[in-house]
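Novice: Structure: protein20.txt, compact mmCIF, C-alpha atoms.
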# COMPACT_ATOMS: atom_id res chain seq x y z
CA MET A 1 0.00 0.00 0.00
CA ALA A 2 2.79 2.39 0.95
CA ARG A 3 4.54 1.62 -2.35
CA LYS A 4 1.35 2.35 -4.30
CA LEU A 5 0.93 5.69 -2.52
CA ALA A 6 4.57 6.57 -3.18
CA ALA A 7 4.19 5.63 -6.86
CA LEU A 8 1.01 7.71 -7.17
CA SER A 9 2.69 10.67 -5.48
CA LEU A 10 5.69 10.41 -7.78
CA THR A 11 3.43 10.15 -10.83
CA ALA A 12 1.45 13.21 -9.74
CA LEU A 13 4.69 15.11 -9.15
CA LEU A 14 6.02 14.20 -12.59
CA VAL A 15 2.73 15.11 -14.27
CA GLY A 16 2.72 18.46 -12.43
CA ALA A 17 6.31 19.17 -13.41
CA ALA A 18 5.59 18.32 -17.03
CA ALA A 19 2.51 20.56 -17.05
CA PHE A 20 4.51 23.43 -15.56
CA ALA A 21 7.31 22.96 -18.11
CA TRP A 22 4.70 22.96 -20.90
CA THR A 23 3.66 26.51 -19.93
CA PHE A 24 7.09 27.73 -21.13
CA THR A 25 6.91 26.02 -24.53
CA PRO A 26 6.24 27.98 -27.76
CA ALA A 27 2.57 28.81 -28.33
CA PRO A 28 2.19 31.57 -30.96
CA LEU A 29 -1.08 33.44 -30.73
CA PRO A 30 -3.37 32.97 -33.75
CA VAL A 31 -3.37 35.99 -36.08
CA PRO A 32 -6.30 36.77 -38.41
CA GLN A 33 -5.46 36.99 -42.11
CA GLU A 34 -6.84 40.50 -42.58
CA PRO A 35 -4.19 43.25 -42.39
CA GLY A 36 -3.93 45.67 -39.52
CA PRO A 37 -4.94 49.34 -39.77
CA VAL A 38 -2.68 52.00 -41.25
CA LEU A 39 -1.79 54.93 -38.98
CA PRO A 40 -3.40 58.27 -39.79
CA PRO A 41 -1.37 60.58 -42.05
CA ALA A 42 1.60 62.13 -40.25
CA PRO A 43 0.71 65.45 -38.62
CA ALA A 44 2.49 68.71 -39.43
CA GLN A 45 4.07 68.78 -36.00
CA ARG A 46 6.56 66.04 -35.07
CA VAL A 47 8.24 65.28 -31.76
CA GLN A 48 11.76 64.38 -30.65
CA LEU A 49 12.24 61.24 -28.59
CA ALA A 50 15.18 60.32 -26.36
CA VAL A 51 15.86 57.72 -23.69
CA ALA A 52 17.18 58.05 -20.15
CA GLU A 53 18.38 54.72 -18.75
CA THR A 54 17.61 54.63 -15.02
CA GLY A 55 18.73 51.06 -14.40
CA SER A 56 18.31 47.46 -15.50
CA MET A 57 17.18 44.05 -14.34
CA GLU A 58 18.82 40.76 -15.22
CA SER A 59 16.51 37.93 -16.21
CA ASN A 60 16.02 35.31 -18.94
CA ALA A 61 14.04 35.18 -22.16
CA LEU A 62 12.38 32.12 -20.62
CA PHE A 63 10.33 34.34 -18.31
CA ALA A 64 9.62 37.06 -20.90
CA TYR A 65 7.54 35.22 -23.52
CA ARG A 66 6.32 31.71 -24.24
CA GLY A 67 9.03 29.91 -26.16
CA GLY A 68 11.89 31.96 -24.71
CA SER A 69 15.17 30.24 -23.88
CA PHE A 70 17.51 30.50 -20.91
CA GLU A 71 19.35 33.24 -22.80
CA LYS A 72 20.21 36.14 -20.49
CA ARG A 73 18.24 39.30 -21.18
CA LEU A 74 18.85 42.78 -19.81
CA PHE A 75 15.52 44.39 -18.99
CA GLY A 76 15.99 48.13 -19.29
CA MET A 77 14.30 50.48 -16.82
CA ASP A 78 14.04 53.37 -19.21
CA VAL A 79 12.33 56.75 -19.25
CA PHE A 80 11.23 58.25 -22.56
CA VAL A 81 11.72 62.00 -22.93
CA ILE A 82 9.46 63.64 -25.51
CA ARG A 83 10.21 67.13 -26.73
CA HIS A 84 7.47 69.24 -28.34
CA PRO A 85 7.20 73.00 -28.95
CA GLN A 86 4.54 73.15 -26.22
CA GLY A 87 6.91 71.58 -23.70
CA THR A 88 8.75 68.44 -22.64
CA ILE A 89 7.00 65.42 -21.15
CA LEU A 90 8.19 62.08 -19.80
CA PHE A 91 6.75 58.64 -20.30
CA GLU A 92 7.48 56.42 -17.28
CA ALA A 93 9.55 57.26 -14.22
CA GLY A 94 11.82 54.21 -14.05
CA PHE A 95 14.03 53.61 -11.02
CA GLY A 96 14.39 56.34 -8.43
CA SER A 97 16.82 57.22 -5.69
CA HIS A 98 15.19 54.77 -3.23
CA LEU A 99 15.48 51.65 -5.38
CA SER A 100 16.49 49.26 -2.59
CA GLU A 101 13.38 50.23 -0.62
CA HIS A 102 11.13 50.10 -3.65
CA PHE A 103 12.37 46.64 -4.69
CA LYS A 104 11.07 45.24 -1.41
CA THR A 105 7.51 45.90 -2.62
CA VAL A 106 7.99 43.45 -5.51
CA PRO A 107 6.51 39.92 -5.16
CA ARG A 108 9.03 37.59 -3.55
CA LEU A 109 9.01 35.18 -6.50
CA MET A 110 9.95 37.96 -8.93
CA ARG A 111 12.72 39.13 -6.61
CA SER A 112 14.09 35.61 -6.49
CA VAL A 113 14.51 35.36 -10.29
CA SER A 114 15.72 38.91 -10.93
CA LYS A 115 18.63 41.15 -10.03
CA VAL A 116 18.37 44.95 -10.31
CA HIS A 117 21.10 47.46 -11.09
CA PRO A 118 20.63 51.22 -10.70
CA ALA A 119 22.05 53.69 -13.21
CA GLN A 120 22.56 57.45 -13.03
CA ARG A 121 19.60 59.14 -11.39
CA LEU A 122 16.96 60.55 -13.67
CA THR A 123 17.23 63.99 -12.07
CA GLU A 124 20.96 64.08 -12.84
CA GLN A 125 20.38 63.04 -16.44
CA LEU A 126 17.73 65.73 -16.87
CA ALA A 127 20.09 68.32 -15.41
CA ALA A 128 22.88 67.25 -17.80
CA ALA A 129 20.43 67.75 -20.69
CA HIS A 130 19.51 71.19 -19.31
CA ILE A 131 15.94 70.14 -18.52
CA ALA A 132 14.72 71.60 -15.24
CA PRO A 133 12.08 69.45 -13.53
CA ALA A 134 9.96 72.57 -13.04
CA SER A 135 9.84 72.99 -16.82
CA LEU A 136 8.33 69.54 -17.44
CA LYS A 137 4.72 69.62 -18.62
CA GLY A 138 4.05 66.27 -17.02
CA ILE A 139 4.87 62.60 -16.56
CA PHE A 140 2.63 60.06 -18.29
CA LEU A 141 2.59 56.42 -17.23
CA THR A 142 1.81 53.49 -19.50
CA HIS A 143 0.82 51.80 -16.24
CA SER A 144 1.54 52.06 -12.53
CA HIS A 145 3.71 49.08 -11.54
CA TRP A 146 6.66 49.72 -9.25
CA ASP A 147 9.37 49.89 -11.93
CA HIS A 148 7.50 52.61 -13.83
CA VAL A 149 6.94 54.99 -10.91
CA GLY A 150 10.19 54.86 -8.91
CA ALA A 151 11.50 58.37 -9.67
CA LEU A 152 8.20 60.17 -9.01
CA PRO A 153 9.29 61.24 -5.48
CA ASP A 154 12.47 62.68 -7.02
CA LEU A 155 10.38 65.02 -9.19
CA PRO A 156 8.01 66.72 -6.74
CA GLY A 157 5.58 69.16 -8.25
CA VAL A 158 5.64 67.63 -11.74
CA PRO A 159 2.08 66.56 -12.71
CA VAL A 160 1.64 62.80 -13.12
CA TYR A 161 -1.07 61.61 -15.52
CA VAL A 162 -3.00 58.35 -15.77
CA ASN A 163 -6.51 57.54 -16.95
CA GLN A 164 -9.33 56.90 -14.49
CA ALA A 165 -9.14 53.10 -14.78
CA GLU A 166 -5.47 53.18 -13.83
CA ARG A 167 -6.05 55.63 -10.98
CA ASP A 168 -8.68 53.27 -9.59
CA PHE A 169 -6.17 50.43 -9.95
CA ILE A 170 -3.58 52.43 -8.00
CA GLU A 171 -6.09 52.91 -5.22
CA HIS A 172 -7.47 49.37 -5.11
CA GLY A 173 -4.83 47.21 -6.84
CA GLY A 174 -3.42 45.60 -3.70
CA GLU A 175 0.18 44.40 -3.84
CA ALA A 176 0.55 45.30 -7.51
CA THR A 177 0.28 49.04 -6.79
CA THR A 178 1.74 49.19 -3.28
CA LEU A 179 4.52 51.55 -4.31
CA ALA A 180 2.41 53.92 -6.42
CA ARG A 181 -0.24 54.06 -3.70
CA SER A 182 2.39 54.94 -1.09
CA PHE A 183 3.02 58.22 -2.93
CA GLY A 184 -0.63 59.21 -2.36
CA VAL A 185 -3.47 58.52 -4.79
CA ASP A 186 -4.09 62.27 -5.10
CA LYS A 187 -0.68 62.61 -6.78
CA PHE A 188 -2.13 61.08 -9.95
CA GLN A 189 -4.15 63.34 -12.21
CA THR A 190 -6.52 61.86 -14.77
CA TYR A 191 -7.24 62.38 -18.44
CA ALA A 192 -10.13 61.01 -20.50
CA PHE A 193 -10.22 59.20 -23.83
CA GLU A 194 -12.37 61.84 -25.43
CA GLY A 195 -10.94 61.40 -28.92
CA PRO A 196 -11.94 59.08 -31.79
CA ALA A 197 -10.75 55.57 -32.55
CA TYR A 198 -7.06 55.42 -33.44
CA ALA A 199 -4.93 52.67 -35.02
CA GLY A 200 -7.60 50.06 -34.38
CA PHE A 201 -8.15 51.02 -30.74
CA PRO A 202 -11.60 52.29 -29.72
CA ALA A 203 -10.77 55.78 -28.39
CA SER A 204 -7.86 58.16 -27.92
CA HIS A 205 -6.41 61.10 -26.02
CA ASP A 206 -4.38 63.65 -27.99
CA VAL A 207 -1.84 65.03 -25.51
CA PHE A 208 -0.90 68.20 -27.43
CA GLY A 209 -3.98 68.44 -29.63
CA ASP A 210 -2.04 68.14 -32.90
CA GLY A 211 -1.76 64.36 -33.46
CA SER A 212 1.91 64.15 -32.50
CA VAL A 213 1.38 62.23 -29.22
CA VAL A 214 -1.75 60.10 -29.00
CA LEU A 215 -2.68 57.70 -26.18
CA VAL A 216 -5.04 54.75 -26.60
CA PRO A 217 -6.49 52.35 -24.00
CA ALA A 218 -4.93 48.89 -24.10
CA GLY A 219 -5.92 47.10 -20.92
CA GLY A 220 -4.76 43.62 -20.05
CA HIS A 221 -1.47 44.15 -18.26
CA THR A 222 -3.24 46.54 -15.89
CA PRO A 223 -6.83 47.84 -16.17
CA GLY A 224 -5.72 51.26 -17.42
CA ALA A 225 -2.61 50.34 -19.42
CA VAL A 226 -2.09 52.52 -22.49
CA ILE A 227 -0.09 52.70 -25.69
CA ALA A 228 1.52 56.02 -26.65
CA PHE A 229 1.84 56.70 -30.39
CA LEU A 230 4.55 59.26 -31.16
CA ARG A 231 4.99 60.81 -34.58
CA GLY A 232 8.66 61.62 -35.18
CA ALA A 233 10.46 63.26 -38.08
CA GLU A 234 12.04 60.02 -39.36
CA ARG A 235 9.72 57.35 -38.01
CA ASP A 236 6.79 56.67 -35.73
CA TYR A 237 6.88 54.95 -32.34
CA ALA A 238 4.45 53.02 -30.17
CA LEU A 239 5.46 52.90 -26.51
CA ILE A 240 3.69 49.78 -25.23
CA GLY A 241 4.93 49.61 -21.64
CA ASP A 242 4.76 46.01 -20.40
CA LEU A 243 2.11 44.67 -22.76
CA ALA A 244 5.14 42.68 -23.97
CA TRP A 245 8.38 42.57 -21.99
CA GLN A 246 10.48 41.79 -25.08
CA LYS A 247 9.83 42.39 -28.77
CA GLU A 248 9.14 38.70 -29.44
CA GLY A 249 5.85 39.19 -27.63
CA VAL A 250 4.73 41.32 -30.60
CA ASP A 251 6.86 39.77 -33.37
CA ILE A 252 5.67 36.16 -32.86
CA PRO A 253 3.16 37.16 -31.20
CA ALA A 254 3.38 35.36 -27.85
CA GLU A 255 2.14 36.04 -24.36
CA LYS A 256 4.22 35.76 -21.21
CA PRO A 257 4.55 32.24 -19.76
CA TRP A 258 1.99 31.25 -17.15
CA MET A 259 4.22 31.97 -14.14
CA SER A 260 5.07 35.49 -15.33
CA ARG A 261 1.60 36.52 -16.40
CA ASN A 262 0.14 35.10 -13.20
CA MET A 263 2.39 37.52 -11.29
CA VAL A 264 1.87 40.66 -13.35
CA ASP A 265 -0.94 40.54 -15.94
CA HIS A 266 -4.35 41.69 -14.74
CA ASP A 267 -6.39 40.28 -17.65
CA PRO A 268 -4.41 37.80 -19.79
CA ALA A 269 -7.29 37.17 -22.23
CA THR A 270 -7.60 40.86 -23.11
CA LEU A 271 -3.82 41.15 -23.37
CA ARG A 272 -3.67 38.31 -25.91
CA GLY A 273 -5.98 40.30 -28.16
CA VAL A 274 -3.86 43.44 -27.77
CA LEU A 275 -0.67 41.55 -28.69
CA VAL A 276 -2.32 40.29 -31.87
CA GLN A 277 -3.47 43.84 -32.69
CA LEU A 278 0.08 45.13 -32.24
CA HIS A 279 1.47 42.34 -34.40
CA GLN A 280 -0.92 43.30 -37.22
CA LEU A 281 -0.27 47.01 -36.73
CA GLN A 282 3.47 46.47 -37.00
CA ALA A 283 3.07 44.54 -40.24
CA ALA A 284 0.84 47.23 -41.77
CA ASN A 285 3.09 50.18 -40.82
CA PRO A 286 6.75 49.64 -41.80
CA LYS A 287 7.81 53.02 -40.35
CA LEU A 288 6.35 52.17 -36.94
CA LEU A 289 8.78 50.99 -34.24
CA ILE A 290 7.01 49.22 -31.41
CA VAL A 291 8.90 49.84 -28.17
CA PRO A 292 8.44 47.56 -25.15
CA SER A 293 9.63 49.49 -22.09
CA HIS A 294 12.08 46.79 -21.01
CA ASP A 295 13.68 45.52 -24.23
CA ARG A 296 17.13 47.11 -24.39
CA ARG A 297 17.67 45.69 -27.87
CA VAL A 298 14.94 48.09 -29.00
CA THR A 299 15.48 51.09 -26.73
CA SER A 300 19.23 51.13 -27.49
CA GLN A 301 18.32 52.10 -31.07
CA LEU A 302 16.78 55.36 -29.83
CA PRO A 303 18.63 58.65 -29.22
CA ARG A 304 20.10 59.13 -25.75
CA LEU A 305 18.83 61.98 -23.57
CA ALA A 306 22.22 63.71 -23.80
CA ALA A 307 21.58 64.20 -27.51
CA LEU A 308 18.69 66.55 -26.69
CA ALA A 309 20.95 69.00 -24.81
CA GLY A 310 20.80 72.29 -26.64
CA ALA A 311 18.67 70.90 -29.46
CA GLU A 312 15.66 72.80 -30.66
CA PRO A 313 12.23 71.15 -30.60
CA ALA A 314 11.21 69.54 -33.87
CA ALA A 315 10.01 72.12 -36.35
CA PRO A 316 6.64 71.64 -38.08
CA SER A 317 6.96 69.56 -41.22
CA ALA A 318 5.05 70.04 -44.44
CA PRO A 319 1.74 68.18 -44.39
Could you quickly redo this structure as structure tokens?

Specialist:
Amino acid sequence: MARKLAALSLTALLVGAAAFAWTFTPAPLPVPQEPGPVLPPAPAQRVQLAVAETGSMESNALFAYRGGSFEKRLFGMDVFVIRHPQGTILFEAGFGSHLSEHFKTVPRLMRSVSKVHPAQRLTEQLAAAHIAPASLKGIFLTHSHWDHVGALPDLPGVPVYVNQAERDFIEHGGEATTLARSFGVDKFQTYAFEGPAYAGFPASHDVFGDGSVVLVPAGGHTPGAVIAFLRGAERDYALIGDLAWQKEGVDIPAEKPWMSRNMVDHDPATLRGVLVQLHQLQAANPKLLIVPSHDRRVTSQLPRLAALAGAEPAAPSAP
């Protein structure tokens, strides 16, 4: 009897291990045959984009998307600086000056499979580029997880913008928004999606009112996650936050493996649909660069913040 119980236990353990391993195997999301939408014509006004690297996290492709290997990946904790004649804005706030404290708010399992490394503080990088925090028009978040809000306390007085769904998530999101909530829910100002459908998404918010920076709702990772479409002089960009951690999530397309999405994705079913939309959008718009916040292979292609020092905002282009 004891042998039978031991054999059954071993069998159950092996079956469980096999099932868990299966959740890391390749499983491309099905893509409809119809092409994705084409972006609206480029507006007269374009923006300049640059990146400030606030730190990094070591992990593996295995945890980033289904089908990933044990290949080491450097997850960048980057802030995107957008220059426009009406003013400069930031997307994300990356790591801040209290990183060791902030990292303690991360789920234990994620801490156990990751190692973080701070870089030069965002405030120092802004100063080197001659950007005074008081001159910033605002900080926009693709979503409110800990690694996207870290430098907010270092930039007091700068308005921080999220949509209402994300503000509600900050207030009621439990462990996932512990850090953002600790800064005070009232710190986060809201905007509405009062604009028309854009790039296949149902509504939009035009930040400057000229089509150069347009936000669309793309829930799934968090309830109020957004995509920011930026129209640059040479190409267009879609900042997608953590909808995909690495570009394979859009290129294949593939969702995160079960363990990862169980830790971080609010609504995996919705997110699968968004990844397919992004895959189709990328195929239909060759000039569009889709930028996951944490894929250094992508963000390293973008201008560094130092390149903006002394540069003039992008001049209006001919329609």

Novice: Quick one: contact table of range 270-289 of chain A to range 33-36 of chain A, 9 Å max, nearest atom pair and distance in Å to one decimal per residue, counting all atoms listed in the file, chain and number order, as a tab-separated table?

Specialist:
residue	atom	partner	partner_atom	distance
A:Gln277	CA	A:Gly36	CA	7.1
A:Leu278	CA	A:Gly36	CA	8.3
A:His279	CA	A:Gly36	CA	8.2
A:Gln280	CA	A:Gly36	CA	4.5
A:Leu281	CA	A:Gly36	CA	4.8
A:Gln282	CA	A:Gly36	CA	7.9
A:Ala283	CA	A:Gly36	CA	7.1
A:Ala284	CA	A:Gly36	CA	5.5
A:Asn285	CA	A:Gly36	CA	8.4

Novice: Separation of CA of Leu230 in chain A and CA of Pro40 in chain A, in Å?

Specialist: 11.8 Å

Novice: Of the candidates A:Phe201, A:Ala132, A:His102, A:Leu239, which one gets nearest to Ser182 in chain A if we count only C-alpha atoms?

Specialist: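 Closest to Ser182 in chain A, using only C-alpha atoms: A:His102.
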
Novice: Residues within 9 Å of (10.7, 30.7, -22.1), file coordinates, counting all atoms listed in the file: what are they? Give the list as a list in words.

Specialist: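 So the residues meeting the distance criterion are Thr23, Phe24, Thr25, Pro26, Asn60, Ala61, Leu62, Phe63, Ala64, Tyr65, Arg66, Gly67, Gly68, Ser69, Phe70, Lys256 and Pro257 of chain A.
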
Novice: Compile the contact shell of Gly157 in chain A as a list of chain:residue names: residues with an atom at most 10 Å away, counting only C-alpha atoms, same-chain residues fewer than 2 positions apart removed.

Specialist: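 The filter keeps A:Pro133, A:Ala134, A:Leu136, A:Gly138, A:Leu152, A:Pro153, A:Asp154, A:Leu155, A:Pro159, A:Val160, A:Lys187.
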
Novice: Could you please determine the separation between CA of Gln48 in chain A and CA of Val207 in chain A in Å, to one decimal place?

Specialist: 14.6 Å

Novice: May I ask for the distance between CA of Phe169 in chain A and CA of Leu243 in chain A, given in Å to one decimal place?

Specialist: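 Going from CA of Phe169 in chain A over to CA of Leu243 in chain A, I get 16.3 Å.
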
Novice: Given all atoms listed in the file as the basis, pick out the residue of A:Ala119, A:Ala238, A:Ala180, A:Val162 nearest to His205 in chain A.

Specialist: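 With all atoms listed in the file as the atom set, the closest residue is A:Val162.
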
Novice: Enclose all atoms of range 141-153 of chain A listed in the file in an axis-aligned box, grow every side by 8 Å, and hand back centre and edge lengths in Å to one decimal, as JSON.

Specialist:
{"center_x": 6.2, "center_y": 55.2, "center_z": -12.5, "size_x": 26.7, "size_y": 28.2, "size_z": 30.0}

Novice: As a PyMOL selection string, please: the residues near His145 in chain A (cut-off 9 Å, only C-alpha atoms, same-chain neighbours under 3 positions excluded).

Specialist: chain A and resi 148-149+170+176-180+222+264

Novice: May I have a table of the residues of range 146-251 of chain A lying at most 12 Å from range 71-78 of chain A, giving each one's closest pair of atoms and their distance in Å to one decimal, counting all atoms listed in the file, ordered by chain and ascending residue number, as a tab-separated table?

Specialist:
residue	atom	partner	partner_atom	distance
A:Trp146	CA	A:Met77	CA	10.8
A:Asp147	CA	A:Met77	CA	7.0
A:His148	CA	A:Met77	CA	7.7
A:Val149	CA	A:Met77	CA	10.5
A:Gly150	CA	A:Met77	CA	9.9
A:Ala151	CA	A:Met77	CA	11.0
A:Leu239	CA	A:Asp78	CA	11.3
A:Gly241	CA	A:Asp78	CA	10.2
A:Asp242	CA	A:Phe75	CA	11.0
A:Ala244	CA	A:Phe75	CA	11.6
A:Trp245	CA	A:Phe75	CA	8.0
A:Gln246	CA	A:Phe75	CA	8.3
A:Lys247	CA	A:Phe75	CA	11.5

Novice: Using all atoms listed in the file, which residue out of A:Val38, A:Ala44, A:Ile131, A:Leu289 lies closest to Gln301 in chain A?

Specialist: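 Of A:Val38, A:Ala44, A:Ile131, A:Leu289, the one nearest Gln301 in chain A, counting all atoms listed in the file, is A:Leu289.
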